[in-house]
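Undergrad: I have a structure here, written as structure tokens, and I will follow up with some questions on it.
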Amino acid sequence: MAQQPITLDLTGTDIQGESARLRERGPVALVELPAGVRAWSVTDAGLLKKLLIDARVSKDASQHWPAFINGEIPQDWPLFLWVAVNNMFTAYGADHKRLRKLVAPAFTHRRTEAMRGQIERITEELLAELARTPVGEPVDLREGFAYPLPIQVISELMGVPEELNPGLRTCVDGIFDTSLGPEESQANYMEMYRILGELVAFRRDHPGDDMTSLLISHRDEDDGSQLTEQELIDTLLLVISAGHETTVNLLDQAIFALLTNPEQRVALVEERATWADLVEEALRFEAPVAHLPLRFAVDDIEIDGVHIAKGEPILASYAAANRDPKLHGDTADQFDVSRDSKDHLAFGYGVHHCLGAPLARLEALVSLPAIFARFPNMRLAADLSELGTVVSFISNGHARLPVTLNYST
């Protein structure tokens with residue numbers, strides 16, 4: 001790692017500007033993460049795809065990151081959960097196949113499509129609540145729509161009792177908040193596991209037709225090929241976190257994109273583009289996960305003129321790769337629902353491609369047309385500089401999205 005690293009902004013205040021600066025360094029750029037940990041940020045879409053399917057790249061820190069193996073990464077490191085969990089997110093090789101096979105039945109096309117009715121019901125309930133807002137009074141759509149819809153969907157999928165939802169929300173926010181100090185990070189880590197332990201205990205006593213109960217049944221078979229208790233808890237952590245935050249950002253960014261590009265709304269109304277076009281362009285233009293930590297070189301890697309040494313960390317920089325001009329040309333930084341190329345890496349690629357991607361797309365395809373149909377005159381109710389960002393270099397969304405629902409022209 002000879003080049004001087006770019007220290008990533010842990011508060012994520014300018015993700016796209018930072019992504020552009022990373023791309024200027026070439027297909028990979030050395031970056032500095034919390035506590036001085038260095039990694040290779042991969043911003044070239046073609047190279048990133050190759051690395052994501054390369055057997056010489058692992059997500060298992062316990063096997064392939066010397067600093068972690070040697071005890072140099074403390075439990076209070078802000079990104080500790082991202083590398084230390086024991087689930088399919090970090091698993092490598094045969095372990096990954098085994099764990100993914102156990103989770104996959106919850107995300108089949110049939111089960112995903114079966115949730116359409118629930119998503120429509122939740123959407124309608126949220127829209128009815130929004131409609132009670134007095135005319136002209138601003139309402140925060142991130143808080144009142146983009147956030148509650150995915151958390152309710154994933155909670156129903158997982159069988160989370162209502163009383164656990166507030167605590168889960170706080171902990172998931174903390175996992176993505178990369179500005180937390182060591183003590184806050186450690187406290188959040190412990191609280192998340194306490195809540196997930198309560199969830200498992202509740203579903204052991206009250207099994208149902210939900211994913212937690214399904215995973216518990218795999219755990220309790222205990223024939224050597226199923227889930228360990230730690231894998232069970234960490235799998236719940238993965239599904240709840242990933243199934244929630246990314247969809248919040250997708251809805252947030254898609255709504256924002258249409259509100260700030262009125263000509264794109266006209267294209268949808270006139271059916272020159274589809275809602276599916278909108279969803280894919282929103283995923284490309286503002287990847288819900290900007291940077292995903294971490295992967296590790298299993299061996300020395302020489303690919304496309306790039307050298308990554310064995311054991312060095314790799315950061316998948318999806319926000320930068322999704323705007324790679326080699327893939328999307330001179331208009332890569334423009335939002336365009338009629339764009340011919342729908343290629344993006346927002347849900348990853350290869351064996352770690354997000355299992356919940358179809359569910360996230362379904363939530364967006366149900367809820368976005370519904371909110372714009374209900375409130376066709378919706379307008380932003382604040383200057384762009386006042387929206388803020390999620391405090392994270394991982395999660396890519398606004399801090400708030402204030403709108404007036406019944407704007408009169």
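Ligands are numbered from 1 in the order shown, chains are lettered A, B, ... in the order of the structure tokens, and residues start at 1 in each chain.
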Please provide the set of residues having any atom within 12 Å of Ala273 (chain A), restricted to only C-alpha atoms, with same-chain residues fewer than 2 positions apart removed, written as a PyMOL selection string.

TA: chain A and resi 263-271+275-281+336-340

Undergrad: Can you tell me which residues surround Lys101 (chain A) at a distance of at most 12 Å, considering only C-alpha atoms, apart from same-chain residues fewer than 6 positions away, and format the answer as number ranges by chain?

TA: A: 87-88, 94-95, 107-108, 215, 218, 225-227, 351, 355

Undergrad: Would you save the residues of that selection, restricted to N, CA and C atoms, as a PDB file, in the first residue's frame?

TA:
```
ATOM      1  N   ASN A  87     -22.296 -15.336   9.749  1.00  0.00           N
ATOM      2  CA  ASN A  87     -23.461 -15.633   8.930  1.00  0.00           C
ATOM      3  C   ASN A  87     -23.044 -15.629   7.459  1.00  0.00           C
ATOM      4  N   MET A  88     -24.017 -15.712   6.552  1.00  0.00           N
ATOM      5  CA  MET A  88     -23.648 -15.845   5.142  1.00  0.00           C
ATOM      6  C   MET A  88     -23.007 -14.576   4.591  1.00  0.00           C
ATOM      7  N   ALA A  94     -17.619 -23.277   1.242  1.00  0.00           N
ATOM      8  CA  ALA A  94     -18.673 -24.237   1.575  1.00  0.00           C
ATOM      9  C   ALA A  94     -19.586 -23.708   2.679  1.00  0.00           C
ATOM     10  N   ASP A  95     -19.025 -22.980   3.646  1.00  0.00           N
ATOM     11  CA  ASP A  95     -19.856 -22.421   4.717  1.00  0.00           C
ATOM     12  C   ASP A  95     -20.872 -21.434   4.157  1.00  0.00           C
ATOM     13  N   PHE A 107     -36.838 -16.311   0.715  1.00  0.00           N
ATOM     14  CA  PHE A 107     -36.811 -15.264  -0.308  1.00  0.00           C
ATOM     15  C   PHE A 107     -37.051 -15.817  -1.707  1.00  0.00           C
ATOM     16  N   THR A 108     -37.757 -16.934  -1.804  1.00  0.00           N
ATOM     17  CA  THR A 108     -38.104 -17.451  -3.126  1.00  0.00           C
ATOM     18  C   THR A 108     -39.068 -16.480  -3.818  1.00  0.00           C
ATOM     19  N   LEU A 215     -35.707 -20.530  10.830  1.00  0.00           N
ATOM     20  CA  LEU A 215     -34.286 -20.663  11.145  1.00  0.00           C
ATOM     21  C   LEU A 215     -34.078 -21.408  12.467  1.00  0.00           C
ATOM     22  N   HIS A 218     -34.183 -25.014  11.858  1.00  0.00           N
ATOM     23  CA  HIS A 218     -32.904 -25.493  11.318  1.00  0.00           C
ATOM     24  C   HIS A 218     -31.876 -25.620  12.439  1.00  0.00           C
ATOM     25  N   SER A 225     -25.052 -30.192  10.344  1.00  0.00           N
ATOM     26  CA  SER A 225     -25.010 -29.469   9.064  1.00  0.00           C
ATOM     27  C   SER A 225     -25.860 -28.196   9.114  1.00  0.00           C
ATOM     28  N   GLN A 226     -26.523 -27.971  10.241  1.00  0.00           N
ATOM     29  CA  GLN A 226     -27.440 -26.852  10.325  1.00  0.00           C
ATOM     30  C   GLN A 226     -26.803 -25.665  11.039  1.00  0.00           C
ATOM     31  N   LEU A 227     -27.632 -24.732  11.468  1.00  0.00           N
ATOM     32  CA  LEU A 227     -27.139 -23.507  12.086  1.00  0.00           C
ATOM     33  C   LEU A 227     -26.635 -23.749  13.504  1.00  0.00           C
ATOM     34  N   VAL A 351     -21.803 -14.589  -5.804  1.00  0.00           N
ATOM     35  CA  VAL A 351     -22.389 -15.463  -4.774  1.00  0.00           C
ATOM     36  C   VAL A 351     -22.974 -14.676  -3.610  1.00  0.00           C
ATOM     37  N   LEU A 355     -29.931 -11.620  -1.369  1.00  0.00           N
ATOM     38  CA  LEU A 355     -31.093 -12.494  -1.504  1.00  0.00           C
ATOM     39  C   LEU A 355     -32.404 -11.709  -1.447  1.00  0.00           C
TER      40      LEU A 355
END
```

Undergrad: Would you please work out which residue, of A:Leu130, A:Leu180, A:Val403, A:Leu236, is nearest to Val160 (chain A) when using only C-alpha atoms?

TA: A:Leu236

Undergrad: From the options A:Leu8, A:Ser155, A:Pro358, A:Leu259, which residue's atoms come nearest to Arg110 (chain A), counting only C-alpha atoms?

TA: A:Pro358

Undergrad: Nearest to Arg194 (chain A) among A:Phe393, A:Leu33, A:Leu164, A:Lys326, with distances taken over only C-alpha atoms: which residue is it?

TA: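 Distance minimum relative to Arg194 (chain A) lands on A:Leu164.
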
Undergrad: With a distance cut-off of 6 Å and only C-alpha atoms, select the neighbouring residues of His291 (chain A), excluding the residue or stretch itself and same-chain residues fewer than 3 positions from it, and output the selection as a list in words.

TA: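 Residues meeting the cut-off are Ala316, Ser317, Tyr318 and Ile394 of chain A.
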
Undergrad: Hey, can you check how far CA of Pro134 (chain A) sits from CA of Ala257 (chain A)?

TA: 24.5 Å

Undergrad: Just checking: using only C-alpha atoms, which residue out of A:Arg169, A:Arg111, A:His244, A:His328 ends up closest to Ala45 (chain A)?

TA: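 Checking each of A:Arg169, A:Arg111, A:His244, A:His328 against Ala45 (chain A), counting only C-alpha atoms, the winner is A:His328.
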
Undergrad: Mind listing the strand (DSSP E or B) residues of region 25-194 of chain A, per DSSP on the backbone, as a list in words?

TA: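 Output for region 25-194 of chain A, strand (DSSP E or B) only: Val28, Ala29, Leu30, Val31, Glu32, Arg38, Ala39, Trp40, Ser41, Val42, Val57, Ser58, Val139 and Asp140 of chain A.
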
Undergrad: If you keep N, CA and C atoms, can you produce a file of those selected residues as a compact mmCIF listing (two decimals), in the first residue's frame?

TA:
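File written: selection-v2.txt
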```txt
# COMPACT_ATOMS: atom_id res chain seq x y z
N VAL A 28 -8.66 1.36 -8.40
CA VAL A 28 -8.66 1.14 -6.96
C VAL A 28 -7.96 2.33 -6.29
N ALA A 29 -8.38 2.64 -5.08
CA ALA A 29 -7.77 3.75 -4.35
C ALA A 29 -7.60 3.33 -2.89
N LEU A 30 -6.48 3.68 -2.32
CA LEU A 30 -6.23 3.38 -0.92
C LEU A 30 -7.03 4.33 -0.04
N VAL A 31 -7.79 3.78 0.91
CA VAL A 31 -8.60 4.59 1.81
C VAL A 31 -8.28 4.23 3.25
N GLU A 32 -8.57 5.18 4.12
CA GLU A 32 -8.40 4.95 5.55
C GLU A 32 -9.76 4.91 6.22
N ARG A 38 -6.55 0.53 6.88
CA ARG A 38 -6.49 0.87 5.46
C ARG A 38 -7.06 -0.25 4.59
N ALA A 39 -7.66 0.15 3.48
CA ALA A 39 -8.28 -0.82 2.57
C ALA A 39 -8.22 -0.28 1.15
N TRP A 40 -8.39 -1.18 0.18
CA TRP A 40 -8.46 -0.79 -1.22
C TRP A 40 -9.92 -0.57 -1.61
N SER A 41 -10.25 0.66 -1.95
CA SER A 41 -11.60 0.98 -2.45
C SER A 41 -11.62 0.71 -3.94
N VAL A 42 -12.52 -0.18 -4.36
CA VAL A 42 -12.64 -0.54 -5.78
C VAL A 42 -13.80 0.23 -6.38
N VAL A 57 -10.96 -13.85 -3.33
CA VAL A 57 -11.50 -12.77 -2.50
C VAL A 57 -12.50 -13.36 -1.51
N SER A 58 -12.30 -13.07 -0.25
CA SER A 58 -13.12 -13.63 0.82
C SER A 58 -13.73 -12.52 1.65
N VAL A 139 -44.19 17.52 5.95
CA VAL A 139 -44.10 16.22 6.59
C VAL A 139 -42.82 15.56 6.11
N ASP A 140 -42.15 14.86 7.01
CA ASP A 140 -40.88 14.19 6.68
C ASP A 140 -41.18 12.81 6.11
```

Undergrad: Given only C-alpha atoms as the basis, pick out the residue of A:Arg295, A:Lys342, A:Arg400, A:His109 nearest to Leu380 (chain A).

TA: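 For Leu380 (chain A), the nearest of the given residues is A:Arg400.
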
Undergrad: Near Asp304 (chain A), within 10 Å and counting only C-alpha atoms, which residues show up once chain neighbours fewer than 6 positions away are dropped, as a PDB file with C-alpha atoms, in the first residue's frame?

TA:
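Below is the file that was written, part28.pdb:
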```pdb
ATOM      1  CA  PRO A  27      -9.708   1.617 -10.584  1.00  0.00           C
ATOM      2  CA  GLY A  46     -15.709  -3.974 -14.409  1.00  0.00           C
ATOM      3  CA  LEU A  47     -12.911  -4.690 -11.953  1.00  0.00           C
ATOM      4  CA  LYS A  50     -14.376  -9.560 -11.421  1.00  0.00           C
TER       5      LYS A  50
END
```

Undergrad: Quick one, how far is CA of Asp300 (chain A) from CA of Tyr92 (chain A)?

TA: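 A separation of 17.2 Å between them.
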
Undergrad: Select, from A:Gln4, A:Ala187, A:Leu22, A:Gln152, the residue with the minimum atom-to-atom distance to Gln118 (chain A), counting only C-alpha atoms.

TA: A:Gln152

Undergrad: Determine, counting only C-alpha atoms, which protein, DNA and RNA residues have an atom within 10 Å of an atom of Ile255 (chain A); residues of the same chain fewer than 2 positions away are not included. Present the result as a PyMOL selection string.

TA: chain A and resi 141-142+146+249-253+257-261+278-279+282+368+371-372+378+380+401

Undergrad: How close does region 267-345 of chain A get to region 75-86 of chain A? List, as JSON lines, each residue of region 267-345 of chain A within 9 Å, its nearest atom pair and the distance in Å to one decimal, counting only C-alpha atoms.

TA:
```
{"residue": "A:Leu292", "atom": "CA", "partner": "A:Trp82", "partner_atom": "CA", "distance": 8.8}
{"residue": "A:Pro293", "atom": "CA", "partner": "A:Trp82", "partner_atom": "CA", "distance": 6.5}
{"residue": "A:Leu294", "atom": "CA", "partner": "A:Val83", "partner_atom": "CA", "distance": 6.6}
{"residue": "A:Arg295", "atom": "CA", "partner": "A:Val83", "partner_atom": "CA", "distance": 8.7}
```

Undergrad: For the residues in the current selection, export N, CA and C atoms as a compact mmCIF listing (two decimals), in the first residue's frame.

TA:
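selection.txt, freshly written:
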```txt
# COMPACT_ATOMS: atom_id res chain seq x y z
N LEU A 292 -19.28 -1.06 1.01
CA LEU A 292 -19.61 -2.23 1.82
C LEU A 292 -18.33 -2.86 2.37
N PRO A 293 -18.11 -2.78 3.68
CA PRO A 293 -16.94 -3.42 4.29
C PRO A 293 -17.26 -4.88 4.63
N LEU A 294 -16.30 -5.70 4.63
CA LEU A 294 -15.00 -5.66 3.96
C LEU A 294 -14.79 -7.00 3.30
N ARG A 295 -13.91 -7.03 2.31
CA ARG A 295 -13.44 -8.28 1.73
C ARG A 295 -11.93 -8.34 1.90
```
